[in-house]
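Shown below: protein27.pdb, with PDB, C-alpha atoms.
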```pdb
ATOM      1  CA  MET A   1      77.517 121.930  94.304
ATOM      2  CA  LYS A   2      81.176 121.764  93.354
ATOM      3  CA  VAL A   3      83.383 120.882  96.320
ATOM      4  CA  GLY A   4      87.147 121.281  96.401
ATOM      5  CA  LEU A   5      89.247 118.903  98.520
ATOM      6  CA  THR A   6      92.714 120.172  99.392
ATOM      7  CA  GLN A   7      95.821 118.114 100.140
ATOM      8  CA  MET A   8      97.906 120.704 101.951
ATOM      9  CA  ASP A   9     101.430 120.213 103.290
ATOM     10  CA  ILE A  10     101.008 122.200 106.506
ATOM     11  CA  VAL A  11     104.133 123.969 107.743
ATOM     12  CA  TRP A  12     104.413 123.064 111.424
ATOM     13  CA  GLU A  13     103.267 125.914 113.658
ATOM     14  CA  ASP A  14     103.719 128.673 111.081
ATOM     15  CA  LYS A  15     100.483 130.557 110.455
ATOM     16  CA  GLU A  16     101.913 133.091 108.014
ATOM     17  CA  LYS A  17     103.414 130.489 105.668
ATOM     18  CA  ASN A  18     100.259 128.421 105.824
ATOM     19  CA  MET A  19      98.131 131.461 105.002
ATOM     20  CA  GLU A  20     100.242 131.884 101.862
ATOM     21  CA  LYS A  21      99.661 128.248 100.937
ATOM     22  CA  ALA A  22      95.936 128.472 101.640
ATOM     23  CA  GLY A  23      95.680 131.624  99.534
ATOM     24  CA  LYS A  24      97.124 129.790  96.529
ATOM     25  CA  PHE A  25      94.627 126.949  96.953
ATOM     26  CA  ILE A  26      91.777 129.452  97.169
ATOM     27  CA  ALA A  27      92.868 131.252  94.003
ATOM     28  CA  GLN A  28      93.157 127.943  92.146
ATOM     29  CA  ALA A  29      89.759 126.784  93.370
ATOM     30  CA  ALA A  30      88.090 130.073  92.449
ATOM     31  CA  GLY A  31      89.413 129.692  88.910
ATOM     32  CA  GLN A  32      87.740 126.288  88.674
ATOM     33  CA  GLY A  33      84.349 127.345  89.943
ATOM     34  CA  VAL A  34      84.551 125.706  93.370
ATOM     35  CA  GLU A  35      81.607 126.611  95.602
ATOM     36  CA  LEU A  36      82.890 124.998  98.827
ATOM     37  CA  LEU A  37      86.618 124.588  99.463
ATOM     38  CA  VAL A  38      87.719 122.348 102.336
ATOM     39  CA  PHE A  39      91.022 122.516 104.237
ATOM     40  CA  PRO A  40      92.347 120.025 106.833
ATOM     41  CA  GLU A  41      92.168 120.083 110.625
ATOM     42  CA  MET A  42      94.117 122.898 112.362
ATOM     43  CA  THR A  43      94.758 124.350 108.921
ATOM     44  CA  LEU A  44      97.352 126.956 109.809
ATOM     45  CA  THR A  45      99.300 125.119 112.526
ATOM     46  CA  GLY A  46      99.134 121.359 112.123
ATOM     47  CA  PHE A  47      97.882 119.102 114.923
ATOM     48  CA  THR A  48      99.639 120.905 117.741
ATOM     49  CA  MET A  49      99.261 120.743 121.500
ATOM     50  CA  ASN A  50     100.896 124.186 121.723
ATOM     51  CA  THR A  51      97.638 125.940 122.528
ATOM     52  CA  GLU A  52      99.323 129.189 123.550
ATOM     53  CA  TYR A  53     100.536 129.585 119.965
ATOM     54  CA  ALA A  54      97.607 128.030 118.119
ATOM     55  CA  GLY A  55      94.718 129.467 120.134
ATOM     56  CA  GLU A  56      92.967 132.683 119.115
ATOM     57  CA  GLU A  57      89.971 134.540 120.471
ATOM     58  CA  MET A  58      87.084 134.407 118.029
ATOM     59  CA  LEU A  59      86.431 138.161 117.914
ATOM     60  CA  PHE A  60      90.051 139.081 117.237
ATOM     61  CA  SER A  61      91.236 136.048 115.281
ATOM     62  CA  PRO A  62      93.578 136.763 112.329
ATOM     63  CA  THR A  63      92.849 133.239 111.063
ATOM     64  CA  ILE A  64      89.103 133.789 110.874
ATOM     65  CA  ARG A  65      89.586 137.258 109.400
ATOM     66  CA  PHE A  66      91.827 135.818 106.673
ATOM     67  CA  PHE A  67      89.328 133.139 105.619
ATOM     68  CA  LYS A  68      86.369 135.520 105.831
ATOM     69  CA  GLU A  69      88.109 137.991 103.543
ATOM     70  CA  GLN A  70      89.083 135.237 101.109
ATOM     71  CA  SER A  71      85.545 133.900 101.117
ATOM     72  CA  ALA A  72      84.030 137.280 100.299
ATOM     73  CA  ARG A  73      86.642 138.149  97.668
ATOM     74  CA  ASN A  74      86.367 134.821  95.840
ATOM     75  CA  HIS A  75      82.617 134.230  96.254
ATOM     76  CA  MET A  76      82.945 130.764  97.778
ATOM     77  CA  ALA A  77      82.366 128.997 101.065
ATOM     78  CA  ILE A  78      85.546 127.864 102.826
ATOM     79  CA  ALA A  79      85.790 125.161 105.507
ATOM     80  CA  PHE A  80      88.869 125.098 107.733
ATOM     81  CA  GLY A  81      90.265 123.980 111.071
ATOM     82  CA  PHE A  82      90.932 126.456 113.859
ATOM     83  CA  VAL A  83      91.884 126.550 117.565
ATOM     84  CA  GLU A  84      89.734 128.794 119.726
ATOM     85  CA  ASN A  85      90.959 130.290 122.989
ATOM     86  CA  PHE A  86      87.831 130.874 125.068
ATOM     87  CA  GLY A  87      88.842 132.331 128.394
ATOM     88  CA  GLY A  88      91.884 130.110 128.656
ATOM     89  CA  GLU A  89      90.051 126.959 127.503
ATOM     90  CA  PHE A  90      90.883 125.629 124.050
ATOM     91  CA  TYR A  91      88.662 124.034 121.410
ATOM     92  CA  ASN A  92      89.605 122.207 118.204
ATOM     93  CA  LYS A  93      87.085 123.635 115.750
ATOM     94  CA  PHE A  94      85.625 123.015 112.309
ATOM     95  CA  MET A  95      84.420 126.285 110.783
ATOM     96  CA  ILE A  96      82.800 127.373 107.536
ATOM     97  CA  VAL A  97      82.745 130.941 106.271
ATOM     98  CA  SER A  98      80.586 132.111 103.388
ATOM     99  CA  GLY A  99      80.005 135.578 102.012
ATOM    100  CA  GLY A 100      82.561 136.943 104.461
ATOM    101  CA  ARG A 101      80.837 135.663 107.605
ATOM    102  CA  VAL A 102      80.968 132.594 109.832
ATOM    103  CA  VAL A 103      78.052 130.266 109.049
ATOM    104  CA  TYR A 104      79.206 127.076 110.810
ATOM    105  CA  ASP A 105      81.090 126.655 114.090
ATOM    106  CA  TYR A 106      81.591 123.135 115.489
ATOM    107  CA  ASP A 107      83.731 121.958 118.409
ATOM    108  CA  LYS A 108      85.393 118.559 118.000
ATOM    109  CA  ILE A 109      83.453 116.241 120.306
ATOM    110  CA  HIS A 110      86.109 113.551 120.794
ATOM    111  CA  PRO A 111      89.606 114.739 121.755
ATOM    112  CA  PHE A 112      92.227 112.207 120.620
ATOM    113  CA  ASN A 113      93.351 111.046 124.047
ATOM    114  CA  PHE A 114      95.735 108.477 122.557
ATOM    115  CA  GLY A 115      97.664 111.542 121.390
ATOM    116  CA  GLU A 116      97.058 113.497 124.639
ATOM    117  CA  GLU A 117      94.677 115.953 122.975
ATOM    118  CA  GLY A 118      92.273 115.729 125.895
ATOM    119  CA  GLU A 119      94.930 117.190 128.177
ATOM    120  CA  HIS A 120      94.922 120.409 126.150
ATOM    121  CA  TYR A 121      91.506 120.719 124.471
ATOM    122  CA  ILE A 122      87.905 120.691 125.689
ATOM    123  CA  GLY A 123      85.498 118.377 123.847
ATOM    124  CA  GLY A 124      82.350 119.818 122.287
ATOM    125  CA  HIS A 125      78.769 118.833 123.132
ATOM    126  CA  GLU A 126      76.664 119.896 120.143
ATOM    127  CA  LEU A 127      75.849 118.604 116.670
ATOM    128  CA  LYS A 128      75.143 121.143 113.940
ATOM    129  CA  SER A 129      74.320 121.460 110.248
ATOM    130  CA  VAL A 130      74.095 124.366 107.832
ATOM    131  CA  ALA A 131      72.436 124.968 104.457
ATOM    132  CA  LEU A 132      74.898 125.712 101.664
ATOM    133  CA  ASN A 133      73.299 126.213  98.272
ATOM    134  CA  SER A 134      70.938 123.235  97.957
ATOM    135  CA  MET A 135      72.852 121.008 100.401
ATOM    136  CA  GLN A 136      72.509 120.552 104.138
ATOM    137  CA  VAL A 137      76.074 120.170 105.427
ATOM    138  CA  ALA A 138      77.565 118.912 108.710
ATOM    139  CA  GLY A 139      81.205 118.766 109.756
ATOM    140  CA  PHE A 140      83.347 116.671 112.072
ATOM    141  CA  VAL A 141      87.014 116.597 113.037
ATOM    142  CA  CYS A 142      89.419 113.657 112.639
ATOM    143  CA  TYR A 143      88.978 111.259 115.610
ATOM    144  CA  ASP A 144      85.205 111.914 115.582
ATOM    145  CA  LEU A 145      85.168 109.570 112.585
ATOM    146  CA  ARG A 146      85.561 106.521 114.838
ATOM    147  CA  PHE A 147      82.211 107.149 116.566
ATOM    148  CA  PRO A 148      79.320 106.330 114.184
ATOM    149  CA  GLU A 149      76.555 107.355 116.593
ATOM    150  CA  ILE A 150      77.078 111.089 116.057
ATOM    151  CA  PHE A 151      77.029 110.635 112.282
ATOM    152  CA  GLN A 152      73.749 108.729 112.469
ATOM    153  CA  LEU A 153      72.189 111.406 114.655
ATOM    154  CA  VAL A 154      73.129 114.282 112.357
ATOM    155  CA  SER A 155      72.331 112.438 109.111
ATOM    156  CA  ASP A 156      68.578 112.940 109.488
ATOM    157  CA  GLN A 157      69.081 116.566 108.450
ATOM    158  CA  THR A 158      72.240 116.214 106.354
ATOM    159  CA  ASP A 159      73.075 115.548 102.700
ATOM    160  CA  LEU A 160      76.835 116.072 102.927
ATOM    161  CA  ILE A 161      79.142 115.235 105.836
ATOM    162  CA  ILE A 162      82.693 116.600 105.884
ATOM    163  CA  VAL A 163      85.520 115.291 108.059
ATOM    164  CA  ILE A 164      88.706 117.357 108.312
ATOM    165  CA  ALA A 165      91.774 115.640 109.712
ATOM    166  CA  ASN A 166      95.452 115.256 110.446
ATOM    167  CA  TRP A 167      95.281 111.444 110.099
ATOM    168  CA  PRO A 168      98.733 109.808 109.975
ATOM    169  CA  LYS A 169      99.983 107.377 107.340
ATOM    170  CA  GLU A 170     100.241 104.378 109.672
ATOM    171  CA  ARG A 171      96.467 104.240 110.215
ATOM    172  CA  ILE A 172      95.320 105.421 106.793
ATOM    173  CA  LEU A 173      93.453 102.151 106.091
ATOM    174  CA  HIS A 174      91.152 103.009 109.005
ATOM    175  CA  TRP A 175      90.570 106.502 107.593
ATOM    176  CA  GLU A 176      89.423 105.256 104.199
ATOM    177  CA  THR A 177      87.370 102.370 105.582
ATOM    178  CA  LEU A 178      85.523 104.517 108.112
ATOM    179  CA  LEU A 179      84.781 107.309 105.632
ATOM    180  CA  ARG A 180      83.235 104.812 103.231
ATOM    181  CA  ALA A 181      81.290 103.171 106.053
ATOM    182  CA  ARG A 182      79.863 106.508 107.226
ATOM    183  CA  ALA A 183      78.634 107.185 103.661
ATOM    184  CA  ILE A 184      77.001 103.761 103.334
ATOM    185  CA  GLU A 185      75.412 103.837 106.801
ATOM    186  CA  ASN A 186      73.946 107.302 106.418
ATOM    187  CA  GLN A 187      73.247 107.288 102.667
ATOM    188  CA  CYS A 188      74.787 110.690 102.101
ATOM    189  CA  TYR A 189      77.942 112.166 100.601
ATOM    190  CA  VAL A 190      81.008 111.966 102.821
ATOM    191  CA  VAL A 191      84.086 114.085 102.124
ATOM    192  CA  GLY A 192      87.309 113.551 104.058
ATOM    193  CA  VAL A 193      90.112 116.112 103.797
ATOM    194  CA  ASN A 194      93.492 115.170 105.212
ATOM    195  CA  ARG A 195      96.817 116.996 105.307
ATOM    196  CA  ILE A 196     100.029 115.703 103.689
ATOM    197  CA  GLY A 197     103.729 116.018 104.524
ATOM    198  CA  LYS A 198     105.384 115.777 107.941
ATOM    199  CA  GLY A 199     104.560 117.460 111.216
ATOM    200  CA  ASN A 200     105.795 116.882 114.754
ATOM    201  CA  GLY A 201     107.465 113.633 113.722
ATOM    202  CA  LEU A 202     104.405 112.155 111.980
ATOM    203  CA  GLU A 203     103.990 111.461 108.258
ATOM    204  CA  TYR A 204     100.814 112.154 106.306
ATOM    205  CA  ILE A 205     100.093 110.925 102.783
ATOM    206  CA  GLU A 206      97.732 111.917  99.975
ATOM    207  CA  SER A 207      94.384 110.661 101.246
ATOM    208  CA  SER A 208      91.688 113.294 100.826
ATOM    209  CA  MET A 209      88.707 111.486  99.317
ATOM    210  CA  ALA A 210      84.970 111.598  98.732
ATOM    211  CA  PHE A 211      82.207 108.972  98.617
ATOM    212  CA  ASP A 212      78.680 109.114  97.246
ATOM    213  CA  PRO A 213      75.576 107.939  99.168
ATOM    214  CA  MET A 214      76.132 104.354  97.960
ATOM    215  CA  GLY A 215      79.734 104.325  99.161
ATOM    216  CA  GLU A 216      81.242 104.644  95.676
ATOM    217  CA  ARG A 217      84.499 106.565  95.645
ATOM    218  CA  LEU A 218      84.355 109.832  93.693
ATOM    219  CA  THR A 219      88.051 110.731  93.838
ATOM    220  CA  LYS A 220      91.122 109.027  92.440
ATOM    221  CA  ALA A 221      92.958 106.920  95.003
ATOM    222  CA  HIS A 222      96.348 108.286  96.125
ATOM    223  CA  SER A 223      96.058 111.271  93.801
ATOM    224  CA  LYS A 224      99.079 113.584  94.006
ATOM    225  CA  SER A 225      96.916 116.575  93.101
ATOM    226  CA  GLY A 226      96.847 119.326  95.681
ATOM    227  CA  LEU A 227      93.233 120.098  94.783
ATOM    228  CA  MET A 228      90.551 117.599  93.799
ATOM    229  CA  LEU A 229      87.032 118.469  92.682
ATOM    230  CA  VAL A 230      83.787 116.567  93.161
ATOM    231  CA  ASP A 231      80.179 117.419  92.349
ATOM    232  CA  VAL A 232      77.568 116.652  95.008
ATOM    233  CA  ASP A 233      73.856 116.614  94.226
ATOM    234  CA  VAL A 234      71.065 116.585  96.800
ATOM    235  CA  ASN A 235      68.878 114.721  94.304
ATOM    236  CA  GLN A 236      71.253 111.747  94.449
ATOM    237  CA  VAL A 237      70.912 111.623  98.232
ATOM    238  CA  GLU A 238      67.119 111.701  97.999
ATOM    239  CA  LYS A 239      67.130 109.067  95.249
ATOM    240  CA  CYS A 240      69.336 106.694  97.229
ATOM    241  CA  ARG A 241      67.276 107.042 100.400
ATOM    242  CA  ALA A 242      64.004 106.549  98.531
ATOM    243  CA  GLN A 243      65.242 103.493  96.616
ATOM    244  CA  TYR A 244      66.830 101.884  99.664
ATOM    245  CA  PRO A 245      64.942 103.126 102.757
ATOM    246  CA  PHE A 246      67.252 101.339 105.193
ATOM    247  CA  ARG A 247      67.487 104.255 107.604
ATOM    248  CA  GLN A 248      63.770 103.960 108.355
ATOM    249  CA  ASP A 249      64.469 100.666 110.116
ATOM    250  CA  ARG A 250      66.706 102.195 112.745
ATOM    251  CA  GLN A 251      65.290 101.588 116.226
ATOM    252  CA  ILE A 252      66.649 104.596 118.048
ATOM    253  CA  GLU A 253      64.564 104.223 121.201
ATOM    254  CA  PHE A 254      65.604 100.584 121.538
ATOM    255  CA  TYR A 255      69.283 101.453 121.130
ATOM    256  CA  GLU A 256      68.916 104.164 123.750
ATOM    257  CA  SER A 257      67.336 101.667 126.144
ATOM    258  CA  LEU A 258      70.304  99.340 125.695
ATOM    259  CA  TYR A 259      72.668 102.135 126.597
ATOM    260  CA  SER A 260      70.647 103.158 129.636
ATOM    261  CA  LYS A 261      70.144  99.617 130.947
ATOM    262  CA  ASN A 262      73.615  98.417 129.963
ATOM    263  CA  LEU A 263      72.049  95.075 129.053
ATOM    264  CA  LEU A 264      75.306  93.554 127.916
ATOM    265  CA  SER A 265      76.507  93.497 131.513
ATOM    266  CA  THR A 266      73.718  91.013 132.380
ATOM    267  CA  VAL A 267      74.926  88.363 129.920
ATOM    268  CA  PRO A 268      76.373  85.324 131.803
ATOM    269  CA  GLU A 269      80.120  84.862 131.547
ATOM    270  CA  LYS A 270      79.690  81.302 130.246
ATOM    271  CA  ILE A 271      76.873  79.588 128.426
ATOM    272  CA  ILE A 272      76.982  75.779 128.474
ATOM    273  CA  VAL A 273      74.967  73.970 125.823
TER     274      VAL A 273
END
```
Show me the file's structure as structure tokens.
Amino acid sequence: MKVGLTQMDIVWEDKEKNMEKAGKFIAQAAGQGVELLVFPEMTLTGFTMNTEYAGEEMLFSPTIRFFKEQSARNHMAIAFGFVENFGGEFYNKFMIVSGGRVVYDYDKIHPFNFGEEGEHYIGGHELKSVALNSMQVAGFVCYDLRFPEIFQLVSDQTDLIIVIANWPKERILHWETLLRARAIENQCYVVGVNRIGKGNGLEYIESSMAFDPMGERLTKAHSKSGLMLVDVDVNQVEKCRAQYPFRQDRQIEFYESLYSKNLLSTVPEKIIV
């Protein structure tokens, strides 16, 4: 499957201008045979806490309608970030549309409380995956990347994990390191799509990237291209997992018992030898 990674300079809190930008990316990707095009977190607004502006009801959302129409017209799946207003509660979402309909709908589990996101958005409580062509795909949003447990849980039924983000320049080393680690740990493709430009006083640099199941980088580092293409192959995931069956040695029940018993709290403060 051919995946397109965008590097979009999101205009702060301007949905119409960002729709224009997204439309140009979609047209370019369609001309290059992209089957799944991925946009960054909160695609049409930037990482805003202005929920009254950003939030939309699912049934009447102009954002979802736009991407559904583009998906149907250009015969491709499109992944994007969106803010849902559900009865006055707001969710930072990762969505995929294909064939003009929503096929994947995930709520960001970990609000970025360092940036006060938890004061405005409700965290999700469900992991999901979806079949696209021959690949089983799961998606996460930005700060989720720092929590490997959810990646390990979803990887049992996933060949490709996508993380969409507004990850600032000052912590970009963490972004790249964690994306590569998630690929190595879970022996699957990991695609990270980040925005560029400036928004709300923060700077974002070219850092969309993809890794194969062995952690090898598939994209050029610091590429200035607005659209990068990678090919992902389910056979490579199966080959890697068969050749190196590391995941079979996970001891999930034991890890769960550690959490439940909080064994680390029983370790003495000092050990004298």
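The residues returned by the PyMOL selection byres ((chain A and resi 34) around 7) on the shown structure are Lys2, Val3, Gly4, Ala29, Ala30, Gln32, Gly33, Glu35, Leu36, Leu37 and Met76 of chain A.
The residue set within 7 Å of A:Cys142, counting all atoms listed in the file and dropping same-chain residues fewer than 6 places from it, reads Val163, Ile164, Ala165, Asn166 and Trp167 of chain A.
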Excluding same-chain residues fewer than 5 positions from A:Ser223, what lies within 10 Å of it counting only C-alpha atoms, as a ChimeraX atom specification?
-> /A:7,205-209,228
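Straight-line separation from atom CA of A:Arg101 to atom CA of A:Ala131: 14.0 Å.
If you look at atom CA of A:Phe60 and atom CA of A:Ile162, they are 26.2 Å away from each other.
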Mind listing as a PDB file with C-alpha atoms, keeping the file's coordinate frame all residues within 9 Å of (94.4, 126.4, 113.3), counting only C-alpha atoms?
```pdb
ATOM      1  CA  GLU A  13     103.267 125.914 113.658  1.00  0.00           C
ATOM      2  CA  LYS A  15     100.483 130.557 110.455  1.00  0.00           C
ATOM      3  CA  GLU A  41      92.168 120.083 110.625  1.00  0.00           C
ATOM      4  CA  MET A  42      94.117 122.898 112.362  1.00  0.00           C
ATOM      5  CA  THR A  43      94.758 124.350 108.921  1.00  0.00           C
ATOM      6  CA  LEU A  44      97.352 126.956 109.809  1.00  0.00           C
ATOM      7  CA  THR A  45      99.300 125.119 112.526  1.00  0.00           C
ATOM      8  CA  GLY A  46      99.134 121.359 112.123  1.00  0.00           C
ATOM      9  CA  PHE A  47      97.882 119.102 114.923  1.00  0.00           C
ATOM     10  CA  THR A  48      99.639 120.905 117.741  1.00  0.00           C
ATOM     11  CA  ALA A  54      97.607 128.030 118.119  1.00  0.00           C
ATOM     12  CA  GLY A  55      94.718 129.467 120.134  1.00  0.00           C
ATOM     13  CA  GLU A  56      92.967 132.683 119.115  1.00  0.00           C
ATOM     14  CA  THR A  63      92.849 133.239 111.063  1.00  0.00           C
ATOM     15  CA  PHE A  80      88.869 125.098 107.733  1.00  0.00           C
ATOM     16  CA  GLY A  81      90.265 123.980 111.071  1.00  0.00           C
ATOM     17  CA  PHE A  82      90.932 126.456 113.859  1.00  0.00           C
ATOM     18  CA  VAL A  83      91.884 126.550 117.565  1.00  0.00           C
ATOM     19  CA  GLU A  84      89.734 128.794 119.726  1.00  0.00           C
ATOM     20  CA  ASN A  92      89.605 122.207 118.204  1.00  0.00           C
ATOM     21  CA  LYS A  93      87.085 123.635 115.750  1.00  0.00           C
TER      22      LYS A  93
END
```
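Closest to A:Gly199 among A:Val97, A:Met1, A:Val11, A:Ala181 is A:Val11, based on all atoms listed in the file.
Atom pair atom CA of A:Ile78 / atom CA of A:Lys239: separated by 27.4 Å.
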Which residues come within 12 Å of stretch 123-125 of chain A, counting only C-alpha atoms, excluding same-chain residues fewer than 6 positions away, as a ChimeraX atom specification?
-> /A:84,89-94,105-113,117,140-141,143-144,150
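Counting all atoms listed in the file and comparing A:Leu178, A:Ile161, A:Val193, A:Met49, the residue that lies closest to A:Gly115 is A:Met49.
Proximity to A:Leu153 was assessed for A:Arg180, A:Arg73, A:Lys128, A:Lys169 counting all atoms listed in the file; the smallest distance is recorded for A:Lys128.
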Enumerate, as a PDB file with C-alpha atoms, in the frame of the given file, the residues matched when the PyMOL selection byres ((chain A and resi 6) around 6) is run on the file above.
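Written out: expr07.pdb:
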```pdb
ATOM      1  CA  LEU A   5      89.247 118.903  98.520  1.00  0.00           C
ATOM      2  CA  GLN A   7      95.821 118.114 100.140  1.00  0.00           C
ATOM      3  CA  MET A   8      97.906 120.704 101.951  1.00  0.00           C
ATOM      4  CA  PHE A  39      91.022 122.516 104.237  1.00  0.00           C
ATOM      5  CA  GLY A 226      96.847 119.326  95.681  1.00  0.00           C
ATOM      6  CA  LEU A 227      93.233 120.098  94.783  1.00  0.00           C
TER       7      LEU A 227
END
```
Find the residues near A:Gly100: any atom within 9 Å, counting all atoms listed in the file, skip ones fewer than 2 places away on the same chain, and give them as a PyMOL selection string.
-> chain A and resi 65+67-73+75+77+97-98+102
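Of the listed residues A:Met58, A:Ala242, A:Pro168, A:Asn50, the one whose atoms come nearest to A:Gly201 is A:Pro168, with distances taken using only C-alpha atoms.
Using all atoms listed in the file, the smallest distance between any of A:Leu179, A:Ala22, A:Val137, A:Leu160 and A:Pro40 comes from A:Ala22.
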Would you list the residues near (69.1, 104.2, 108.9) (no more than 12 Å away, in the coordinates of the file, using all atoms listed in the file) as a VMD selection string?
-> chain A and resid 148 to 149 151 to 156 182 to 188 240 to 242 244 to 252
